[in-house]
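Undergrad: The structure's right below; bear with me while I get my questions together.
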There are 2 protein chains.
Amino acid sequence: MTQPPSEAALPKGFRFAATACGLKKTGALDLAIISSDIPASAAAVFTQNLVVAAPVTLCKKNLHISRGRMRAVVVNAGNANCATGQQGQIAAQRAGEEAARRLGISPEELFVCSTGVIGVQLPVEKILRALPSLARNRRPSARSFAELSLAICTTDTRSKTASASFRMGGKRVHLIGCAKGAGMIHPNMATTLAFVVTDAALAPGLLQKTLRDVASRTFNAISVDGDTSTNDTLLVLANGASGAPQIKNGSKAFRDFSGALEEVCGALARQIVADGEGAQRVVEIEVRGAKTEAAAKRIAETIATSPLVKTAFAGGDPNWGRIFAAAGRAGVKFNPALVDITMAGIKVLHRGQPLDFNERAASKKLLADHVQILLDVHTGPAKAKYWTCDFTAEYVRINASYRT
Amino acid sequence: MTQPPSEAALPKGFRFAATACGLKKTGALDLAIISSDIPASAAAVFTQNLVVAAPVTLCKKNLHISRGRMRAVVVNAGNANCATGQQGQIAAQRAGEEAARRLGISPEELFVCSTGVIGVQLPVEKILRALPSLARNRRPSARSFAELSLAICTTDTRSKTASASFRMGGKRVHLIGCAKGAGMIHPNMATTLAFVVTDAALAPGLLQKTLRDVASRTFNAISVDGDTSTNDTLLVLANGASGAPQIKNGSKAFRDFSGALEEVCGALARQIVADGEGAQRVVEIEVRGAKTEAAAKRIAETIATSPLVKTAFAGGDPNWGRIFAAAGRAGVKFNPALVDITMAGIKVLHRGQPLDFNERAASKKLLADHVQILLDVHTGPAKAKYWTCDFTAEYVRINASYRT
């Protein structure tokens with residue numbers, strides 16, 4: 001789903017609001033709240049970067065204190081509140097305490113998230129001034145969700161939302177999510193900011209287990225530029241308001257829920273790649289025939305982050321030698337003489353031997369919006385997919401003067 | 001030294017020749033020979049990429065058979081002879097055998113090197129036709145060395161040469177080298193093609209030991225784009241023709257020789273970075289205060305290969321948050337609250353706390369040809385340096401249509 005979500009797609013018992021508090025120079029929406037009317041099971045995966053933003057530290061602490069039962073999220077864009085020292089920690093805490101007060105919940109039941117420039121102190125007064133009316137204006141509406149999805153954007157050219165549903169015990173259970181991100185995208189346990197809310201009922205531990213598993217195949221399988229954000233956070237709130245029974249591990253309902261969560265997270269992750277800074281196309285890299293899934297993913301990731309591979313895709317250049325060369329430096333053992341490579345349906349390498357192909361026809365196919373690359377190393381049964389985008393001059397233009 | 005070398009800088013007993021055999025579409029010089037008049041001690045470091053070009057395999061085999069006593073190098077640009085299967089191996093062997101025959105040496109005394117596009121069969125007949133006159137035209141002259149240094153170039157905008165000398169036992173010993181490379185530069189044991197010849201006398205084993213050591217601080221400490229070439233080869237030939245005594249391990253002469261070799265290799269490596277595809281400036285990244293040199297180098301390398309850091313340098317953007325974020329994902333443990341960062345002489349982070357600085361003045365300093373970055377993690381005594389270039393829209397333009 002790339003259009004704004006419909007009212008029917010919204011899970012029950014969640015409200016959303018967004019406002020422009022002045023953190024973005026453009027005056028665009030930059031502060032938002034998600035809240036659940038009742039306590040919700042919460043799960044989260046955070047950045048594995050050693051340099052961690054103040055709000056990430058606060059989120060981890062609150063999730064721990066609340067034992068996975070949370071009520072709300074307050075999120076700002078325009079300032080990451082990272083590398084801001086003690087002052088940054090105090091700012092995150094003040095924003096969280098004021099938001100909790102306005103929502104009538106305990107500060108430990110709240111996630112605080114930030115995204116934007118690193119190393120600039122957060123002007124928290126702007127947030128504190130905006131919170132009272134923001135809290136009052138929360139609505140359980142598709143429009144307020146759409147505003148939230150816009151408020152979290154930074155260099156994104158469009159908002160990213162996705163939804164899914166399944167039936168359980170005579171009830172329909174809904175999931176809806178939004179994400180932001182276009183640069184500094186190479187998630188390591190999660191990518192920049194993404195929020196999923198659902199009216200499914202399941203225990204925090206089980207929610208965390210399935211989220212970690214789903215993240216490895218969705219948010220942790222994409223790259224725009226190989227850089228891992230300091231603020232990466234993927235949150236799920238499950239409040240059980242659908243009225244459907246509690247989901248138990250190993251049940252059909254659990255498989256349905258995991259599938260729906262993977263559908264939402266996968267769609268959001270691919271939307272981030274498609275909106276990669278300066279990107280013209282999404283490239284899906286599948287590696288087959290590896291000994292383990294981790295080995296397959298390692299090769300796919302190395303191809304997906306190679307500047308030479310990514311610039312070739314910008315020009316529709318069928319330069320498969322760069323794909324082969326990137327695979328060869330992935331740190332995974334394979335025999336180059338066994339490798340097959342197929343680009344956009346055209347086989348270019350068979351068992352290590354180059355094949356003749358029509359370069360002009362191949363180039364045309366490589367200029368599509370979505371290009372598939374398949375590399376088979378023929379050494380085992382495992383496979384993995386990774387999504388990346390092409391690397392254009394526009395990426396450089398965007399990033400050469402982000403701060404100044 | 002960036003000008004062509006002088007006659008006085010040439011080691012004794014080496015001859016050079018270059019010609020245009022038709023591998024480059026432009027008709028430029030693309031085939032060259034280096035030969036020693038007498039057998040020389042040889043040392044080499046090759047790519048650690050699993051995908052290895054046919055000539056690299058042949059070089060390793062010949063060096064092993066000859067037990068480190070070699071006579072010559074034949075090198076072509078315009079075709080890497082990589083991912084070319086069995087046919088590529090035969091092509092490399094035929095070129096080597098014909099060159100050896102024309103030089104009157106055994107085929108095992110010869111290195112065969114190639115650089116250029118990957119995955120296209122080498123038109124070896126062009127090389128075979130050109131070898132007789134190329135072998136005849138070898139000269140012990142600065143001009144023929146300069147032609148060699150041009151013949152090995154591909155996307156390079158200029159040739160790269162360096163020389164050094166020292167006195168030993170009343171004799172002057174000379175070293176001279178050339179290198180090529182502008183893209184697919186992220187050496188892993190060596191970078192693309194580089195050749196150093198010297199009239200010093202030392203045993204092959206000692207030459208190999210010092211070359212490996214020197215490479216770790218020169219060719220293995222640079223990056224243009226994070227991609228490791230399949231053809232990386234750094235060769236040294238030492239023929240002893242200076243008349244100076246044999247250099248023994250641990251002697252003052254050995255330290256002089258190692259220092260001179262590091263001077264030549266370091267100058268060539270930094271010239272490669274300065275000529276990085278689309279590059280406007282060289283960025284020297286020094287990491288101090290790490291527990292080990294390997295840890296310091298790992299952090300420096302992660303910063304040096306971050307597209308966000310490199311694009312910020314293209315625009316002179318003092319975005320030190322990206323440097324801090326890249327360090328944080330390097331996989332090396334440190335405490336962010338202890339870190340200092342200095343950019344172009346301006347301290348921007350002290351013990352994890354951002355400092356106020358004049359952004360305009362900083363931006364002006366960051367637009368220089370050579371920019372120094374210092375990151376101190378304050379956790380130990382070790383340090384390392386890494387050299388990279390900025391990442392510009394021109395890099396993308398060059399690489400989006402290299403093949404087509």
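As shown in the structure tokens, the chain order sets the letters A, B, ...; within each chain, residues go from 1, and ligands are also counted from 1 in the order they appear.
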As a tab-separated table (two decimals) with C-alpha atoms, in the first residue's frame, please: chain A after a least-squares superposition onto chain B using all C-alpha atoms matched in order.
TA:
chain	number	residue	atom	x	y	z
A	1	MET	CA	57.38	13.26	-6.64
A	2	THR	CA	54.54	13.88	-9.07
A	3	GLN	CA	56.60	15.02	-12.08
A	4	PRO	CA	58.09	12.37	-14.37
A	5	PRO	CA	61.18	10.86	-12.75
A	6	SER	CA	64.65	12.09	-13.68
A	7	GLU	CA	67.36	9.87	-15.20
A	8	ALA	CA	69.26	10.12	-11.90
A	9	ALA	CA	66.35	8.54	-10.00
A	10	LEU	CA	66.46	5.28	-12.00
A	11	PRO	CA	67.87	2.15	-10.37
A	12	LYS	CA	70.61	0.47	-12.40
A	13	GLY	CA	69.98	-2.55	-14.58
A	14	PHE	CA	66.27	-2.11	-15.44
A	15	ARG	CA	64.73	-1.41	-18.84
A	16	PHE	CA	61.20	-0.33	-19.74
A	17	ALA	CA	59.01	-0.11	-22.84
A	18	ALA	CA	55.38	0.68	-23.67
A	19	THR	CA	53.20	0.56	-26.76
A	20	ALA	CA	49.60	0.86	-27.93
A	21	CYS	CA	48.45	-2.60	-29.03
A	22	GLY	CA	44.76	-1.72	-29.44
A	23	LEU	CA	43.23	-2.87	-26.13
A	24	LYS	CA	42.18	0.69	-25.22
A	25	LYS	CA	39.53	2.03	-27.58
A	26	THR	CA	41.25	5.45	-27.49
A	27	GLY	CA	44.44	4.09	-29.06
A	28	ALA	CA	46.46	5.09	-25.98
A	29	LEU	CA	49.45	3.16	-24.58
A	30	ASP	CA	48.15	-0.12	-23.13
A	31	LEU	CA	50.96	-2.70	-23.09
A	32	ALA	CA	54.32	-2.46	-21.30
A	33	ILE	CA	57.35	-4.43	-20.18
A	34	ILE	CA	59.67	-4.04	-17.19
A	35	SER	CA	62.81	-6.15	-17.28
A	36	SER	CA	65.92	-6.57	-15.18
A	37	ASP	CA	69.20	-7.23	-16.98
A	38	ILE	CA	70.09	-9.80	-14.29
A	39	PRO	CA	67.89	-12.06	-12.12
A	40	ALA	CA	66.25	-10.04	-9.33
A	41	SER	CA	64.80	-10.89	-5.93
A	42	ALA	CA	61.05	-10.52	-6.21
A	43	ALA	CA	58.26	-9.97	-3.69
A	44	ALA	CA	54.56	-9.50	-4.28
A	45	VAL	CA	51.26	-9.01	-2.51
A	46	PHE	CA	48.07	-9.89	-4.36
A	47	THR	CA	44.35	-9.27	-3.99
A	48	GLN	CA	42.56	-11.21	-1.23
A	49	ASN	CA	39.38	-11.15	-3.31
A	50	LEU	CA	38.08	-14.71	-3.80
A	51	VAL	CA	37.40	-13.84	-7.42
A	52	VAL	CA	40.92	-13.68	-8.81
A	53	ALA	CA	41.94	-12.75	-12.34
A	54	ALA	CA	43.81	-15.30	-14.49
A	55	PRO	CA	47.10	-13.29	-14.54
A	56	VAL	CA	47.13	-13.13	-10.70
A	57	THR	CA	46.94	-16.92	-10.53
A	58	LEU	CA	49.78	-17.18	-13.07
A	59	CYS	CA	51.95	-14.63	-11.16
A	60	LYS	CA	51.58	-16.61	-7.92
A	61	LYS	CA	52.50	-19.85	-9.68
A	62	ASN	CA	55.57	-18.37	-11.39
A	63	LEU	CA	56.82	-16.67	-8.21
A	64	HIS	CA	56.55	-19.99	-6.41
A	65	ILE	CA	58.33	-22.00	-9.13
A	66	SER	CA	61.14	-19.41	-9.41
A	67	ARG	CA	61.56	-19.24	-5.61
A	68	GLY	CA	61.41	-15.45	-5.67
A	69	ARG	CA	64.00	-14.89	-8.43
A	70	MET	CA	62.29	-13.08	-11.33
A	71	ARG	CA	63.37	-11.18	-14.43
A	72	ALA	CA	60.48	-9.22	-15.91
A	73	VAL	CA	56.86	-8.02	-15.93
A	74	VAL	CA	54.50	-7.79	-18.90
A	75	VAL	CA	51.40	-5.73	-18.19
A	76	ASN	CA	48.34	-4.64	-20.16
A	77	ALA	CA	45.55	-2.17	-19.42
A	78	GLY	CA	42.08	-2.09	-21.01
A	79	ASN	CA	41.12	-5.66	-20.09
A	80	ALA	CA	41.44	-7.29	-16.63
A	81	ASN	CA	41.27	-10.89	-17.96
A	82	CYS	CA	39.08	-11.70	-14.94
A	83	ALA	CA	35.98	-13.94	-14.87
A	84	THR	CA	37.10	-15.24	-18.24
A	85	GLY	CA	37.29	-18.92	-17.28
A	86	GLN	CA	39.64	-21.44	-18.90
A	87	GLN	CA	40.04	-19.31	-22.01
A	88	GLY	CA	41.37	-16.44	-19.86
A	89	GLN	CA	43.98	-18.67	-18.25
A	90	ILE	CA	45.21	-19.81	-21.63
A	91	ALA	CA	45.38	-16.20	-22.84
A	92	ALA	CA	47.52	-15.13	-19.85
A	93	GLN	CA	49.82	-18.09	-20.38
A	94	ARG	CA	50.23	-17.42	-24.11
A	95	ALA	CA	51.07	-13.75	-23.47
A	96	GLY	CA	53.61	-14.78	-20.82
A	97	GLU	CA	55.27	-17.44	-22.99
A	98	GLU	CA	55.63	-15.14	-25.99
A	99	ALA	CA	57.02	-12.30	-23.83
A	100	ALA	CA	59.52	-14.64	-22.18
A	101	ARG	CA	60.64	-15.93	-25.58
A	102	ARG	CA	61.20	-12.39	-26.85
A	103	LEU	CA	63.14	-11.46	-23.69
A	104	GLY	CA	65.21	-14.65	-23.78
A	105	ILE	CA	64.14	-15.73	-20.29
A	106	SER	CA	62.16	-18.65	-18.90
A	107	PRO	CA	58.33	-18.16	-18.73
A	108	GLU	CA	58.50	-18.79	-14.96
A	109	GLU	CA	60.74	-15.72	-14.50
A	110	LEU	CA	57.98	-13.41	-15.72
A	111	PHE	CA	55.02	-11.68	-14.05
A	112	VAL	CA	51.90	-11.20	-16.21
A	113	CYS	CA	49.51	-8.42	-15.07
A	114	SER	CA	46.24	-7.11	-16.48
A	115	THR	CA	43.83	-4.31	-15.54
A	116	GLY	CA	40.61	-3.01	-17.08
A	117	VAL	CA	37.09	-4.31	-17.63
A	118	ILE	CA	36.06	-7.58	-15.94
A	119	GLY	CA	34.28	-10.42	-17.74
A	120	VAL	CA	35.35	-9.74	-21.31
A	121	GLN	CA	37.75	-12.19	-23.02
A	122	LEU	CA	41.27	-10.78	-23.52
A	123	PRO	CA	42.04	-10.32	-27.25
A	124	VAL	CA	45.46	-11.88	-26.73
A	125	GLU	CA	46.35	-11.82	-30.44
A	126	LYS	CA	46.75	-8.05	-30.17
A	127	ILE	CA	49.30	-8.56	-27.39
A	128	LEU	CA	51.15	-11.32	-29.24
A	129	ARG	CA	51.48	-9.14	-32.36
A	130	ALA	CA	52.91	-6.22	-30.36
A	131	LEU	CA	55.40	-8.11	-28.19
A	132	PRO	CA	58.37	-8.49	-30.63
A	133	SER	CA	58.88	-4.76	-31.23
A	134	LEU	CA	57.98	-3.95	-27.60
A	135	ALA	CA	60.76	-6.26	-26.37
A	136	ARG	CA	63.24	-4.72	-28.83
A	137	ASN	CA	62.39	-1.18	-27.74
A	138	ARG	CA	63.20	-1.55	-24.02
A	139	ARG	CA	65.35	1.33	-22.73
A	140	PRO	CA	66.94	2.13	-19.33
A	141	SER	CA	65.52	5.65	-19.55
A	142	ALA	CA	63.28	7.95	-17.51
A	143	ARG	CA	61.15	8.52	-20.61
A	144	SER	CA	60.44	4.81	-21.12
A	145	PHE	CA	59.60	4.51	-17.40
A	146	ALA	CA	57.19	7.46	-17.76
A	147	GLU	CA	55.55	5.68	-20.75
A	148	LEU	CA	55.17	2.50	-18.70
A	149	SER	CA	53.47	4.51	-15.92
A	150	LEU	CA	50.98	5.86	-18.51
A	151	ALA	CA	50.38	2.51	-20.21
A	152	ILE	CA	49.01	0.90	-17.01
A	153	CYS	CA	46.35	3.62	-16.45
A	154	THR	CA	42.61	3.02	-16.96
A	155	THR	CA	40.23	5.67	-15.49
A	156	ASP	CA	43.24	7.44	-13.94
A	157	THR	CA	43.48	11.09	-14.97
A	158	ARG	CA	47.25	11.08	-14.49
A	159	SER	CA	50.13	8.65	-14.04
A	160	LYS	CA	51.54	7.98	-10.57
A	161	THR	CA	55.25	7.60	-9.93
A	162	ALA	CA	57.51	7.95	-6.90
A	163	SER	CA	61.18	7.43	-6.11
A	164	ALA	CA	63.58	7.32	-3.17
A	165	SER	CA	67.23	6.56	-2.51
A	166	PHE	CA	69.66	6.00	0.32
A	167	ARG	CA	73.42	5.44	0.68
A	168	MET	CA	74.93	2.15	1.70
A	169	GLY	CA	78.55	0.99	1.67
A	170	GLY	CA	79.66	3.99	-0.41
A	171	LYS	CA	77.01	3.35	-3.05
A	172	ARG	CA	73.69	5.05	-3.71
A	173	VAL	CA	70.73	2.64	-3.87
A	174	HIS	CA	67.67	3.74	-5.84
A	175	LEU	CA	63.99	2.72	-5.76
A	176	ILE	CA	61.40	3.84	-8.30
A	177	GLY	CA	57.76	2.85	-8.58
A	178	CYS	CA	54.58	3.44	-10.49
A	179	ALA	CA	50.95	2.58	-9.77
A	180	LYS	CA	47.56	2.79	-11.40
A	181	GLY	CA	44.12	3.05	-9.84
A	182	ALA	CA	41.22	5.46	-9.37
A	183	GLY	CA	38.19	3.23	-8.77
A	184	MET	CA	37.58	-0.23	-7.22
A	185	ILE	CA	40.15	0.89	-4.65
A	186	HIS	CA	39.97	-0.72	-1.24
A	187	PRO	CA	43.06	-2.83	-1.18
A	188	ASN	CA	43.15	-6.02	0.78
A	189	MET	CA	46.87	-6.89	0.87
A	190	ALA	CA	47.70	-4.67	-2.09
A	191	THR	CA	46.02	-2.32	-4.48
A	192	THR	CA	45.41	-2.79	-8.14
A	193	LEU	CA	48.68	-2.56	-10.08
A	194	ALA	CA	51.87	-1.14	-8.59
A	195	PHE	CA	55.46	-1.89	-9.54
A	196	VAL	CA	58.60	-0.93	-7.65
A	197	VAL	CA	62.09	-1.68	-8.93
A	198	THR	CA	65.33	-1.18	-7.03
A	199	ASP	CA	68.99	-1.92	-7.48
A	200	ALA	CA	69.30	-2.88	-3.81
A	201	ALA	CA	70.51	-6.42	-3.06
A	202	LEU	CA	68.45	-8.44	-0.61
A	203	ALA	CA	67.11	-11.95	-0.35
A	204	PRO	CA	63.57	-12.68	-1.64
A	205	GLY	CA	62.33	-13.70	1.83
A	206	LEU	CA	63.47	-10.49	3.47
A	207	LEU	CA	62.05	-8.44	0.59
A	208	GLN	CA	58.68	-10.18	0.99
A	209	LYS	CA	58.66	-9.56	4.76
A	210	THR	CA	59.31	-5.82	4.46
A	211	LEU	CA	56.89	-5.44	1.51
A	212	ARG	CA	54.03	-7.01	3.49
A	213	ASP	CA	54.78	-4.73	6.44
A	214	VAL	CA	55.02	-1.59	4.27
A	215	ALA	CA	51.84	-2.48	2.34
A	216	SER	CA	49.80	-2.57	5.56
A	217	ARG	CA	50.58	1.11	6.21
A	218	THR	CA	50.42	2.32	2.59
A	219	PHE	CA	48.42	0.48	-0.09
A	220	ASN	CA	46.30	-1.30	2.51
A	221	ALA	CA	45.44	1.99	4.23
A	222	ILE	CA	43.62	3.71	1.37
A	223	SER	CA	40.11	3.59	-0.02
A	224	VAL	CA	38.33	5.28	-2.90
A	225	ASP	CA	35.07	3.35	-2.91
A	226	GLY	CA	35.35	0.30	-0.64
A	227	ASP	CA	35.55	-2.11	-3.57
A	228	THR	CA	38.51	-4.51	-3.75
A	229	SER	CA	39.84	-5.19	-7.23
A	230	THR	CA	40.16	-8.73	-8.54
A	231	ASN	CA	43.54	-7.85	-10.07
A	232	ASP	CA	45.30	-6.11	-7.14
A	233	THR	CA	49.01	-6.72	-7.47
A	234	LEU	CA	51.99	-4.93	-5.92
A	235	LEU	CA	55.36	-6.21	-7.17
A	236	VAL	CA	58.91	-5.34	-6.17
A	237	LEU	CA	62.01	-6.39	-8.11
A	238	ALA	CA	65.44	-5.92	-6.44
A	239	ASN	CA	68.35	-6.76	-8.74
A	240	GLY	CA	71.35	-5.63	-6.64
A	241	ALA	CA	72.85	-3.76	-9.63
A	242	SER	CA	73.76	-0.78	-7.43
A	243	GLY	CA	76.84	-2.67	-6.35
A	244	ALA	CA	75.97	-2.03	-2.69
A	245	PRO	CA	76.38	-5.00	-0.31
A	246	GLN	CA	73.58	-7.46	0.42
A	247	ILE	CA	71.07	-6.01	2.93
A	248	LYS	CA	70.71	-8.11	6.10
A	249	ASN	CA	67.67	-8.26	8.39
A	250	GLY	CA	67.89	-5.96	11.41
A	251	SER	CA	70.72	-3.82	9.98
A	252	LYS	CA	70.74	-0.03	9.55
A	253	ALA	CA	70.69	-0.61	5.77
A	254	PHE	CA	67.52	-2.70	6.21
A	255	ARG	CA	65.84	0.13	8.11
A	256	ASP	CA	66.96	2.58	5.40
A	257	PHE	CA	65.61	0.29	2.68
A	258	SER	CA	62.29	-0.29	4.47
A	259	GLY	CA	61.94	3.47	5.03
A	260	ALA	CA	62.66	4.17	1.35
A	261	LEU	CA	60.20	1.47	0.25
A	262	GLU	CA	57.53	2.92	2.56
A	263	GLU	CA	58.23	6.40	1.14
A	264	VAL	CA	57.70	5.15	-2.44
A	265	CYS	CA	54.65	2.98	-1.63
A	266	GLY	CA	53.08	5.70	0.57
A	267	ALA	CA	53.53	8.35	-2.12
A	268	LEU	CA	52.01	6.06	-4.79
A	269	ALA	CA	49.09	5.08	-2.54
A	270	ARG	CA	48.27	8.71	-1.74
A	271	GLN	CA	48.49	9.62	-5.44
A	272	ILE	CA	45.88	6.93	-6.13
A	273	VAL	CA	43.53	8.48	-3.54
A	274	ALA	CA	44.15	11.99	-4.89
A	275	ASP	CA	43.20	10.69	-8.35
A	276	GLY	CA	40.19	8.77	-6.98
A	277	GLU	CA	37.37	8.83	-9.52
A	278	GLY	CA	35.77	12.27	-9.30
A	279	ALA	CA	37.82	13.21	-6.23
A	280	GLN	CA	38.47	16.85	-5.30
A	281	ARG	CA	40.49	16.26	-2.14
A	282	VAL	CA	42.44	13.76	-0.03
A	283	VAL	CA	41.17	13.18	3.50
A	284	GLU	CA	43.64	11.79	6.03
A	285	ILE	CA	41.91	10.08	8.94
A	286	GLU	CA	43.94	9.43	12.06
A	287	VAL	CA	42.49	7.43	14.93
A	288	ARG	CA	44.35	7.61	18.25
A	289	GLY	CA	43.87	6.12	21.69
A	290	ALA	CA	42.74	2.66	20.53
A	291	LYS	CA	43.68	-0.55	22.31
A	292	THR	CA	45.44	-2.01	19.25
A	293	GLU	CA	46.66	-0.74	15.87
A	294	ALA	CA	44.16	-3.09	14.20
A	295	ALA	CA	41.29	-1.52	16.18
A	296	ALA	CA	42.47	2.00	15.30
A	297	LYS	CA	42.71	1.03	11.62
A	298	ARG	CA	39.26	-0.60	11.69
A	299	ILE	CA	37.66	2.64	12.97
A	300	ALA	CA	39.64	4.79	10.51
A	301	GLU	CA	38.67	2.48	7.63
A	302	THR	CA	34.97	2.60	8.55
A	303	ILE	CA	35.03	6.41	8.55
A	304	ALA	CA	37.03	6.40	5.29
A	305	THR	CA	34.47	4.24	3.48
A	306	SER	CA	31.26	5.91	4.74
A	307	PRO	CA	29.38	7.43	1.77
A	308	LEU	CA	27.83	10.01	4.11
A	309	VAL	CA	31.23	11.12	5.43
A	310	LYS	CA	32.68	11.19	1.92
A	311	THR	CA	29.81	13.19	0.38
A	312	ALA	CA	30.01	15.69	3.26
A	313	PHE	CA	33.68	16.22	2.33
A	314	ALA	CA	32.61	16.84	-1.28
A	315	GLY	CA	30.61	19.84	-0.08
A	316	GLY	CA	32.97	21.01	2.69
A	317	ASP	CA	30.18	20.26	5.16
A	318	PRO	CA	31.54	20.10	8.77
A	319	ASN	CA	29.16	17.24	9.52
A	320	TRP	CA	31.22	15.59	12.26
A	321	GLY	CA	28.16	13.69	13.50
A	322	ARG	CA	28.56	11.39	10.50
A	323	ILE	CA	32.20	10.70	11.44
A	324	PHE	CA	31.10	9.85	14.99
A	325	ALA	CA	28.25	7.65	13.70
A	326	ALA	CA	30.58	5.79	11.31
A	327	ALA	CA	33.08	5.16	14.14
A	328	GLY	CA	30.24	3.79	16.23
A	329	ARG	CA	29.41	1.06	13.69
A	330	ALA	CA	33.04	-0.03	13.16
A	331	GLY	CA	32.66	-3.07	15.40
A	332	VAL	CA	35.30	-1.81	17.85
A	333	LYS	CA	34.37	-1.23	21.49
A	334	PHE	CA	34.91	2.27	22.87
A	335	ASN	CA	33.10	4.69	25.15
A	336	PRO	CA	31.43	7.48	23.11
A	337	ALA	CA	31.56	9.74	26.20
A	338	LEU	CA	35.39	9.82	25.99
A	339	VAL	CA	35.72	10.69	22.30
A	340	ASP	CA	37.40	13.83	20.89
A	341	ILE	CA	37.07	14.84	17.22
A	342	THR	CA	39.15	17.49	15.45
A	343	MET	CA	38.38	18.47	11.82
A	344	ALA	CA	40.97	20.47	9.84
A	345	GLY	CA	42.47	21.71	13.11
A	346	ILE	CA	39.11	22.67	14.65
A	347	LYS	CA	38.02	20.73	17.73
A	348	VAL	CA	34.31	19.91	17.36
A	349	LEU	CA	33.76	17.20	20.01
A	350	HIS	CA	35.42	17.01	23.44
A	351	ARG	CA	34.87	13.96	25.62
A	352	GLY	CA	31.59	13.23	23.85
A	353	GLN	CA	30.29	16.80	24.21
A	354	PRO	CA	29.76	18.93	21.09
A	355	LEU	CA	31.69	22.23	21.02
A	356	ASP	CA	30.59	25.49	19.45
A	357	PHE	CA	32.59	26.40	16.36
A	358	ASN	CA	32.35	28.77	13.41
A	359	GLU	CA	30.63	26.64	10.72
A	360	ARG	CA	31.56	29.00	7.88
A	361	ALA	CA	35.25	29.08	8.82
A	362	ALA	CA	35.27	25.30	9.25
A	363	SER	CA	33.60	24.78	5.86
A	364	LYS	CA	36.26	26.93	4.20
A	365	LYS	CA	39.08	24.87	5.74
A	366	LEU	CA	37.37	21.65	4.68
A	367	LEU	CA	37.48	22.70	1.02
A	368	ALA	CA	41.30	22.42	0.94
A	369	ASP	CA	43.11	19.84	-1.24
A	370	HIS	CA	44.23	17.91	1.83
A	371	VAL	CA	42.11	17.66	4.98
A	372	GLN	CA	43.10	16.04	8.28
A	373	ILE	CA	40.62	14.41	10.64
A	374	LEU	CA	41.63	13.26	14.12
A	375	LEU	CA	39.48	11.04	16.29
A	376	ASP	CA	40.75	10.07	19.76
A	377	VAL	CA	38.85	7.33	21.59
A	378	HIS	CA	41.05	7.57	24.72
A	379	THR	CA	41.04	3.86	25.53
A	380	GLY	CA	44.62	2.80	24.77
A	381	PRO	CA	48.00	3.68	23.22
A	382	ALA	CA	47.52	2.55	19.59
A	383	LYS	CA	46.93	4.63	16.48
A	384	ALA	CA	46.54	4.27	12.72
A	385	LYS	CA	46.09	6.42	9.63
A	386	TYR	CA	43.86	5.88	6.62
A	387	TRP	CA	43.58	7.94	3.44
A	388	THR	CA	40.41	8.46	1.43
A	389	CYS	CA	38.94	10.99	-0.99
A	390	ASP	CA	35.65	12.84	-1.20
A	391	PHE	CA	32.68	11.28	-3.01
A	392	THR	CA	31.38	13.45	-5.82
A	393	ALA	CA	28.70	13.39	-8.48
A	394	GLU	CA	31.55	12.91	-10.97
A	395	TYR	CA	32.30	9.48	-9.43
A	396	VAL	CA	28.74	8.45	-10.22
A	397	ARG	CA	28.97	9.83	-13.76
A	398	ILE	CA	32.20	7.87	-14.42
A	399	ASN	CA	30.80	4.61	-13.05
A	400	ALA	CA	27.22	4.64	-14.29
A	401	SER	CA	28.31	3.77	-17.83
A	402	TYR	CA	31.82	2.30	-17.63
A	403	ARG	CA	30.97	-0.70	-19.75
A	404	THR	CA	28.35	0.60	-22.15
Undergrad: What are the DSSP strand (DSSP E or B) residues of region 213-329 of chain A, as a PyMOL selection string?
TA: chain A and resi 222-223+233-238+282-290
Undergrad: Using backbone DSSP assignments, extract all helix (DSSP H, G or I) residues from region 69-209 of chain B; output them as a PyMOL selection string.
TA: chain B and resi 85-103+107-109+124-136+142-151+204-209
